[in-house]
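J.: Following this message is one structure expressed as structure tokens.
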Amino acid sequence: MKIKLFFVLASLFFINCNAQNYIFGKVTSEDKNEMPEVTVINIRTDERVLTNRDGHFMISGRAGDELRFVKSGYERINSKINQENITSPVNVTMIRAAELIAEVEIKKNITGDIKIDAKNLNPPRKVEKLKNDLAKYMSQKSAPGVLAARPGEFVQPVTKGIYSFGKVKNKWDDVDLMNYLQNSLGDTFFQELQIPKPQIQHFILYILRTGFERKNILKYGYCTEADMNRFKNAVLGRISAYKSPQPQK
């Protein structure tokens, strides 16, 4: 009897530990306004949901999971889920991302006086000569003797890639690139393709994960104009496949 009772309790404990739970919560801005259409991602399962118009969300998860909250124009937030979050809501406040102000070049107006205008608009000859001399010096190759090690100085041995110092961490991930593309192209670009606004991020991830080469973009955290043109071409080439009904498995 005791053995049977032990197995019953063990089974109930196993089921309770592995039961699928749902995490509820609400996302607000710094001024306490509800935030709709915030992407909530469970890092472990890669499940993604959007907050409703009241800022509420529901996503499957369990204690120990980590949720990521992403919205264009706001800083990305990660939240670790503990056992208390399973029974109580997760409240998150999004912080607006700082915007870079474009550099403004201040130019002096032309006065009509040749002496004053020549002084304001043309740099002194000594300054111009110094710039030219520095440019020539920087373009010259250093002599081997200059680069050689000094007596007693340690010299790093040259290897053929035998030693590994670990993988270099990318500056971006797909979510960063997705936000950059959405901000740069604007919602109008996707609306012209008849992509509803709530599906824009899903569509961008679809393009990225169906063969779009982005290794260097993620590595350096920078998207060139050529990369943007490649992405536009990929969009035009795969928009039909995205919109076509997928065969049921």
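Starting from 1 in every chain, residues are counted up; chains themselves are A, B, ... following the order of the structure tokens, and ligands are numbered from 1 as listed.
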Please tabulate, as CSV, the residues of stretch 64-88 of chain A that come within 12 Å of stretch 96-100 of chain A, each with its closest pair of atoms and the distance in Å to one decimal, counting only C-alpha atoms and ordering rows by chain, then residue number upward.

T.:
residue,atom,partner,partner_atom,distance
A:Val70,CA,A:Arg96,CA,11.2
A:Lys71,CA,A:Arg96,CA,9.4
A:Ser72,CA,A:Ala97,CA,8.9
A:Gly73,CA,A:Ala97,CA,5.7
A:Tyr74,CA,A:Arg96,CA,4.2
A:Glu75,CA,A:Ala97,CA,5.0
A:Arg76,CA,A:Ala97,CA,8.8
A:Ile77,CA,A:Arg96,CA,11.1

J.: Pull N, CA and C atoms from the residues just selected and write them as a JSON list (two decimals), in the first residue's frame.

T.:
[["chain", "number", "residue", "atom", "x", "y", "z"],
["A", 70, "VAL", "N", 9.65, 43.83, -27.04],
["A", 70, "VAL", "CA", 10.24, 44.59, -28.14],
["A", 70, "VAL", "C", 9.17, 45.46, -28.78],
["A", 71, "LYS", "N", 9.49, 46.73, -28.99],
["A", 71, "LYS", "CA", 8.61, 47.64, -29.74],
["A", 71, "LYS", "C", 9.47, 48.71, -30.37],
["A", 72, "SER", "N", 9.15, 49.04, -31.61],
["A", 72, "SER", "CA", 9.90, 50.04, -32.34],
["A", 72, "SER", "C", 9.88, 51.38, -31.60],
["A", 73, "GLY", "N", 11.06, 51.99, -31.44],
["A", 73, "GLY", "CA", 11.17, 53.28, -30.77],
["A", 73, "GLY", "C", 11.38, 53.17, -29.27],
["A", 74, "TYR", "N", 11.41, 51.93, -28.74],
["A", 74, "TYR", "CA", 11.59, 51.73, -27.29],
["A", 74, "TYR", "C", 12.75, 50.77, -27.05],
["A", 75, "GLU", "N", 13.35, 50.90, -25.88],
["A", 75, "GLU", "CA", 14.44, 50.02, -25.52],
["A", 75, "GLU", "C", 13.92, 48.60, -25.26],
["A", 76, "ARG", "N", 14.71, 47.62, -25.67],
["A", 76, "ARG", "CA", 14.32, 46.22, -25.46],
["A", 76, "ARG", "C", 14.47, 45.86, -23.99],
["A", 77, "ILE", "N", 13.48, 45.12, -23.45],
["A", 77, "ILE", "CA", 13.48, 44.75, -22.03],
["A", 77, "ILE", "C", 13.38, 43.24, -21.91]]

J.: Residues of stretch 29-70 of chain A that have any atom at most 9 Å from an atom of stretch 83-89 of chain A: could you tabulate them with the shortest-distance atom pair and the distance in Å to one decimal, using only C-alpha atoms, ordered by chain and increasing number, as a tab-separated table?

T.:
residue	atom	partner	partner_atom	distance
A:Gly61	CA	A:Ile86	CA	8.5
A:Arg62	CA	A:Ile86	CA	7.1
A:Ala63	CA	A:Gln83	CA	5.1
A:Gly64	CA	A:Gln83	CA	8.0

J.: Which residues, written as a VMD selection string, have at least one atom at most 7 Å from A:Met58, with only C-alpha atoms counted and residues fewer than 5 positions away on the same chain left out?

T.: chain A and resid 22 to 25

J.: Write out as an MDAnalysis selection string each polymer residue whose atoms come within 7 Å of stretch 176-178 of chain A, counting only C-alpha atoms; drop sequence neighbours fewer than 4 positions from it.

T.: chainID A and resid 172 182 201 204:205

J.: As a compact mmCIF listing (two decimals) with N, CA, C and O atoms, in the first residue's frame, please: the residues near A:Asn33 (cut-off 12 Å, only C-alpha atoms, same-chain neighbours under 2 positions excluded).

T.:
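Output (selection-v1.txt):
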# COMPACT_ATOMS: atom_id res chain seq x y z
N LYS A 26 0.96 42.92 -18.25
CA LYS A 26 0.54 44.16 -18.88
C LYS A 26 1.77 45.02 -19.15
O LYS A 26 2.70 45.06 -18.33
N VAL A 27 1.77 45.69 -20.29
CA VAL A 27 2.89 46.55 -20.68
C VAL A 27 2.39 47.98 -20.76
O VAL A 27 1.37 48.27 -21.39
N THR A 28 3.11 48.89 -20.09
CA THR A 28 2.75 50.31 -20.10
C THR A 28 3.98 51.13 -20.46
O THR A 28 5.12 50.65 -20.40
N SER A 29 3.74 52.39 -20.81
CA SER A 29 4.83 53.32 -21.10
C SER A 29 5.25 54.02 -19.83
O SER A 29 4.67 53.82 -18.76
N GLU A 30 6.25 54.89 -19.97
CA GLU A 30 6.75 55.62 -18.80
C GLU A 30 5.69 56.54 -18.20
O GLU A 30 5.74 56.82 -16.99
N ASP A 31 4.76 57.02 -19.03
CA ASP A 31 3.69 57.89 -18.52
C ASP A 31 2.42 57.11 -18.18
O ASP A 31 1.32 57.66 -18.17
N MET A 35 0.21 50.01 -23.68
CA MET A 35 0.95 49.94 -24.93
C MET A 35 0.50 48.72 -25.75
O MET A 35 0.81 47.58 -25.39
N PRO A 36 -0.21 48.94 -26.85
CA PRO A 36 -0.60 47.82 -27.71
C PRO A 36 0.51 47.45 -28.68
O PRO A 36 1.48 48.22 -28.87
N ARG A 53 -4.93 46.02 -27.28
CA ARG A 53 -5.03 47.48 -27.22
C ARG A 53 -4.94 48.02 -25.80
O ARG A 53 -4.68 49.22 -25.60
N ASP A 54 -5.17 47.16 -24.81
CA ASP A 54 -5.05 47.57 -23.41
C ASP A 54 -3.68 47.25 -22.84
O ASP A 54 -3.44 47.44 -21.64
N GLY A 55 -2.77 46.72 -23.67
CA GLY A 55 -1.42 46.41 -23.21
C GLY A 55 -1.29 45.05 -22.55
O GLY A 55 -0.22 44.71 -22.05
N HIS A 56 -2.36 44.23 -22.54
CA HIS A 56 -2.31 42.93 -21.89
C HIS A 56 -1.77 41.87 -22.85
O HIS A 56 -1.92 41.97 -24.06
N VAL A 92 5.32 45.37 -16.94
CA VAL A 92 6.55 45.84 -17.58
C VAL A 92 6.33 47.28 -18.04
O VAL A 92 5.28 47.62 -18.58
N THR A 93 7.34 48.12 -17.83
CA THR A 93 7.30 49.50 -18.28
C THR A 93 8.34 49.70 -19.38
O THR A 93 9.53 49.46 -19.16
N MET A 94 7.89 50.10 -20.57
CA MET A 94 8.79 50.33 -21.70
C MET A 94 9.37 51.73 -21.62
O MET A 94 8.67 52.70 -21.29
N ILE A 95 10.66 51.84 -21.92
CA ILE A 95 11.36 53.13 -21.88
C ILE A 95 11.70 53.54 -23.31
O ILE A 95 12.27 52.75 -24.07

J.: Under the rule that only C-alpha atoms are counted, which of A:Lys32, A:Leu50, A:Arg125, A:Thr45 is the nearest residue to A:Pro198?

T.: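 Ranked by minimum distance to A:Pro198, first place goes to A:Leu50.
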